[in-house]
Amino acid sequence: MPRDQRDRLRWLAQALPQERRTQPAPEPRAHLQYPPGPGGLLMRLLANRNLGWSAGAQTFLPLTGRYWSAATYGQVGHGRIELTPDLLADYAIVLGIRADDLAALTDVKLPDRTAPPSQVAVDVTGLIWDVRRLTLDQIQHLCDTAKSTS
């Protein structure tokens with residue numbers, strides 16, 4: 001989708017009324033409760049964007065070119081798989097957070113060369129944030145709009 005169409009889609013998403021919480025967020029399932037540490041922090045940040053293991057894995061691939069199974073990302077969250085500098089840079093792209101900020105929060109050194117995210121990645125991560133509190137019907141409306149303009 002061209003940049004001007006992505007901008008219009010984001011504008012539409014931001015213009016839709018956000019759902020207010022009517023009750024506290026439910027306690028995460030046991031396998032989604034992460035211990036303190038860098039991997040747990042990053043997986044909680046993904047969850048804050050409504051990206052679980054599977055949706056996270058599906059988002060990493062087009063934005064970063066990295067694909068691991070959904071369970072592998074869960075293992076990062078539980079500290080069973082090391083958070084490498086390259087993987088940290090990928091999380092920065094998917095989360096839409098500056099890589100050096102994530103490096104400071106996780107105490108993981110960045111790779112020597114960290115490419116800036118593409119404009120498409122910036123727009124997609126912004127859209128993920130914009131839709132985090134929309135209803136299913138509102139998101140379906142956005143999907144229909146995106147399909148009709150491409």
# chains A, B, ... in the order shown; residues from 1 in each chain; ligands from 1
$ residues_around --residues "Ala47 in chain A" --least-positions-apart "2" --cutoff "12 Å" --atoms "only C-alpha atoms" --output "PyMOL selection string"
chain A and resi 25+28+32-34+40-45+49-56+73-74+77+94-95+128-129+132
$ closest_atom_pairs --of "range 2-64 of chain A" --to "range 97-120 of chain A" --cutoff "12 Å" --atoms "only C-alpha atoms" --output "JSON lines"
{"residue": "A:Pro2", "atom": "CA", "partner": "A:Val120", "partner_atom": "CA", "distance": 9.0}
{"residue": "A:Arg3", "atom": "CA", "partner": "A:Val120", "partner_atom": "CA", "distance": 7.7}
{"residue": "A:Asp4", "atom": "CA", "partner": "A:Val120", "partner_atom": "CA", "distance": 11.2}
{"residue": "A:Gln5", "atom": "CA", "partner": "A:Val120", "partner_atom": "CA", "distance": 11.4}
{"residue": "A:Arg6", "atom": "CA", "partner": "A:Val120", "partner_atom": "CA", "distance": 8.5}
{"residue": "A:Asp7", "atom": "CA", "partner": "A:Val120", "partner_atom": "CA", "distance": 10.5}
{"residue": "A:Pro36", "atom": "CA", "partner": "A:Thr106", "partner_atom": "CA", "distance": 10.6}
{"residue": "A:Gly37", "atom": "CA", "partner": "A:Thr106", "partner_atom": "CA", "distance": 7.4}
{"residue": "A:Pro38", "atom": "CA", "partner": "A:Thr106", "partner_atom": "CA", "distance": 4.7}
{"residue": "A:Gly39", "atom": "CA", "partner": "A:Thr106", "partner_atom": "CA", "distance": 8.1}
{"residue": "A:Gly40", "atom": "CA", "partner": "A:Thr106", "partner_atom": "CA", "distance": 9.9}
{"residue": "A:Leu41", "atom": "CA", "partner": "A:Thr106", "partner_atom": "CA", "distance": 8.0}
{"residue": "A:Leu42", "atom": "CA", "partner": "A:Thr106", "partner_atom": "CA", "distance": 8.7}
{"residue": "A:Leu45", "atom": "CA", "partner": "A:Ile97", "partner_atom": "CA", "distance": 10.0}
{"residue": "A:Leu46", "atom": "CA", "partner": "A:Ile97", "partner_atom": "CA", "distance": 11.2}
{"residue": "A:Pro62", "atom": "CA", "partner": "A:Val120", "partner_atom": "CA", "distance": 10.0}
{"residue": "A:Leu63", "atom": "CA", "partner": "A:Val120", "partner_atom": "CA", "distance": 8.1}
{"residue": "A:Thr64", "atom": "CA", "partner": "A:Pro117", "partner_atom": "CA", "distance": 8.6}
$ residues_around --residues "Leu142 in chain A" --least-positions-apart "5" --cutoff "12 Å" --atoms "only C-alpha atoms" --output "NGL selection string"
:A and (5-6 or 8-16 or 127-128 or 130-131 or 134-137 or 147-149)
$ write_last_selection --atoms "N, CA, C and O atoms" --output "compact mmCIF listing (two decimals), in the first residue's frame"
# COMPACT_ATOMS: atom_id res chain seq x y z
N GLN A 5 -1.84 6.15 1.28
CA GLN A 5 -2.94 5.29 1.69
C GLN A 5 -2.73 4.76 3.11
O GLN A 5 -3.68 4.64 3.88
N ARG A 6 -1.47 4.47 3.46
CA ARG A 6 -1.17 4.05 4.84
C ARG A 6 -1.48 5.19 5.80
O ARG A 6 -2.04 4.96 6.88
N ARG A 8 -3.69 7.56 5.40
CA ARG A 8 -5.15 7.69 5.53
C ARG A 8 -5.72 6.60 6.42
O ARG A 8 -6.63 6.85 7.21
N LEU A 9 -5.19 5.38 6.31
CA LEU A 9 -5.66 4.28 7.14
C LEU A 9 -5.36 4.56 8.61
O LEU A 9 -6.21 4.34 9.48
N ARG A 10 -4.17 5.06 8.88
CA ARG A 10 -3.83 5.41 10.27
C ARG A 10 -4.72 6.54 10.78
O ARG A 10 -5.16 6.52 11.92
N TRP A 11 -4.97 7.52 9.94
CA TRP A 11 -5.84 8.63 10.34
C TRP A 11 -7.22 8.10 10.69
O TRP A 11 -7.81 8.48 11.69
N LEU A 12 -7.75 7.19 9.85
CA LEU A 12 -9.06 6.60 10.12
C LEU A 12 -9.05 5.82 11.44
O LEU A 12 -9.97 5.95 12.24
N ALA A 13 -8.01 5.04 11.65
CA ALA A 13 -7.91 4.27 12.90
C ALA A 13 -7.88 5.19 14.12
O ALA A 13 -8.53 4.93 15.13
N GLN A 14 -7.15 6.28 14.02
CA GLN A 14 -7.05 7.22 15.13
C GLN A 14 -8.36 7.98 15.36
O GLN A 14 -8.64 8.42 16.47
N ALA A 15 -9.17 8.13 14.30
CA ALA A 15 -10.42 8.87 14.41
C ALA A 15 -11.54 8.02 15.02
O ALA A 15 -12.53 8.58 15.51
N LEU A 16 -11.40 6.70 14.99
CA LEU A 16 -12.44 5.84 15.55
C LEU A 16 -12.44 5.93 17.07
O LEU A 16 -11.38 6.07 17.69
N LEU A 127 0.25 1.67 13.24
CA LEU A 127 -1.12 1.19 13.06
C LEU A 127 -1.46 0.14 14.12
O LEU A 127 -2.57 0.15 14.66
N ILE A 128 -0.51 -0.74 14.44
CA ILE A 128 -0.75 -1.73 15.49
C ILE A 128 -1.09 -1.02 16.80
O ILE A 128 -2.01 -1.41 17.52
N ASP A 130 -2.34 2.02 17.06
CA ASP A 130 -3.59 2.75 16.89
C ASP A 130 -4.83 1.87 17.06
O ASP A 130 -5.87 2.35 17.50
N VAL A 131 -4.74 0.58 16.72
CA VAL A 131 -5.91 -0.29 16.77
C VAL A 131 -6.01 -1.11 18.06
O VAL A 131 -6.94 -1.89 18.21
N LEU A 134 -9.55 -0.96 19.68
CA LEU A 134 -10.73 -0.91 18.82
C LEU A 134 -11.50 -2.22 18.91
O LEU A 134 -10.95 -3.26 19.29
N THR A 135 -12.76 -2.17 18.55
CA THR A 135 -13.58 -3.37 18.55
C THR A 135 -13.26 -4.20 17.30
O THR A 135 -12.66 -3.70 16.34
N LEU A 136 -13.69 -5.43 17.31
CA LEU A 136 -13.50 -6.30 16.16
C LEU A 136 -14.18 -5.70 14.93
O LEU A 136 -13.63 -5.75 13.82
N ASP A 137 -15.38 -5.15 15.09
CA ASP A 137 -16.09 -4.53 13.97
C ASP A 137 -15.31 -3.34 13.40
O ASP A 137 -15.24 -3.16 12.18
N LYS A 147 -8.35 -3.03 1.94
CA LYS A 147 -8.49 -3.87 0.75
C LYS A 147 -9.08 -3.09 -0.42
O LYS A 147 -8.69 -3.31 -1.57
N SER A 148 -10.01 -2.20 -0.13
CA SER A 148 -10.67 -1.47 -1.22
C SER A 148 -9.77 -0.39 -1.82
O SER A 148 -9.99 0.03 -2.94
N THR A 149 -8.74 0.03 -1.09
CA THR A 149 -7.86 1.08 -1.61
C THR A 149 -6.60 0.53 -2.25
O THR A 149 -5.84 1.28 -2.84
$ atom_distance --atom1 "CA of Gly96 in chain A" --atom2 "CA of Gly126 in chain A"
7.0 Å
$ closest_residue --among "A:Arg20, A:Arg29, A:Arg66, A:Arg133" --to "Ala89 in chain A" --atoms "only C-alpha atoms"
A:Arg66
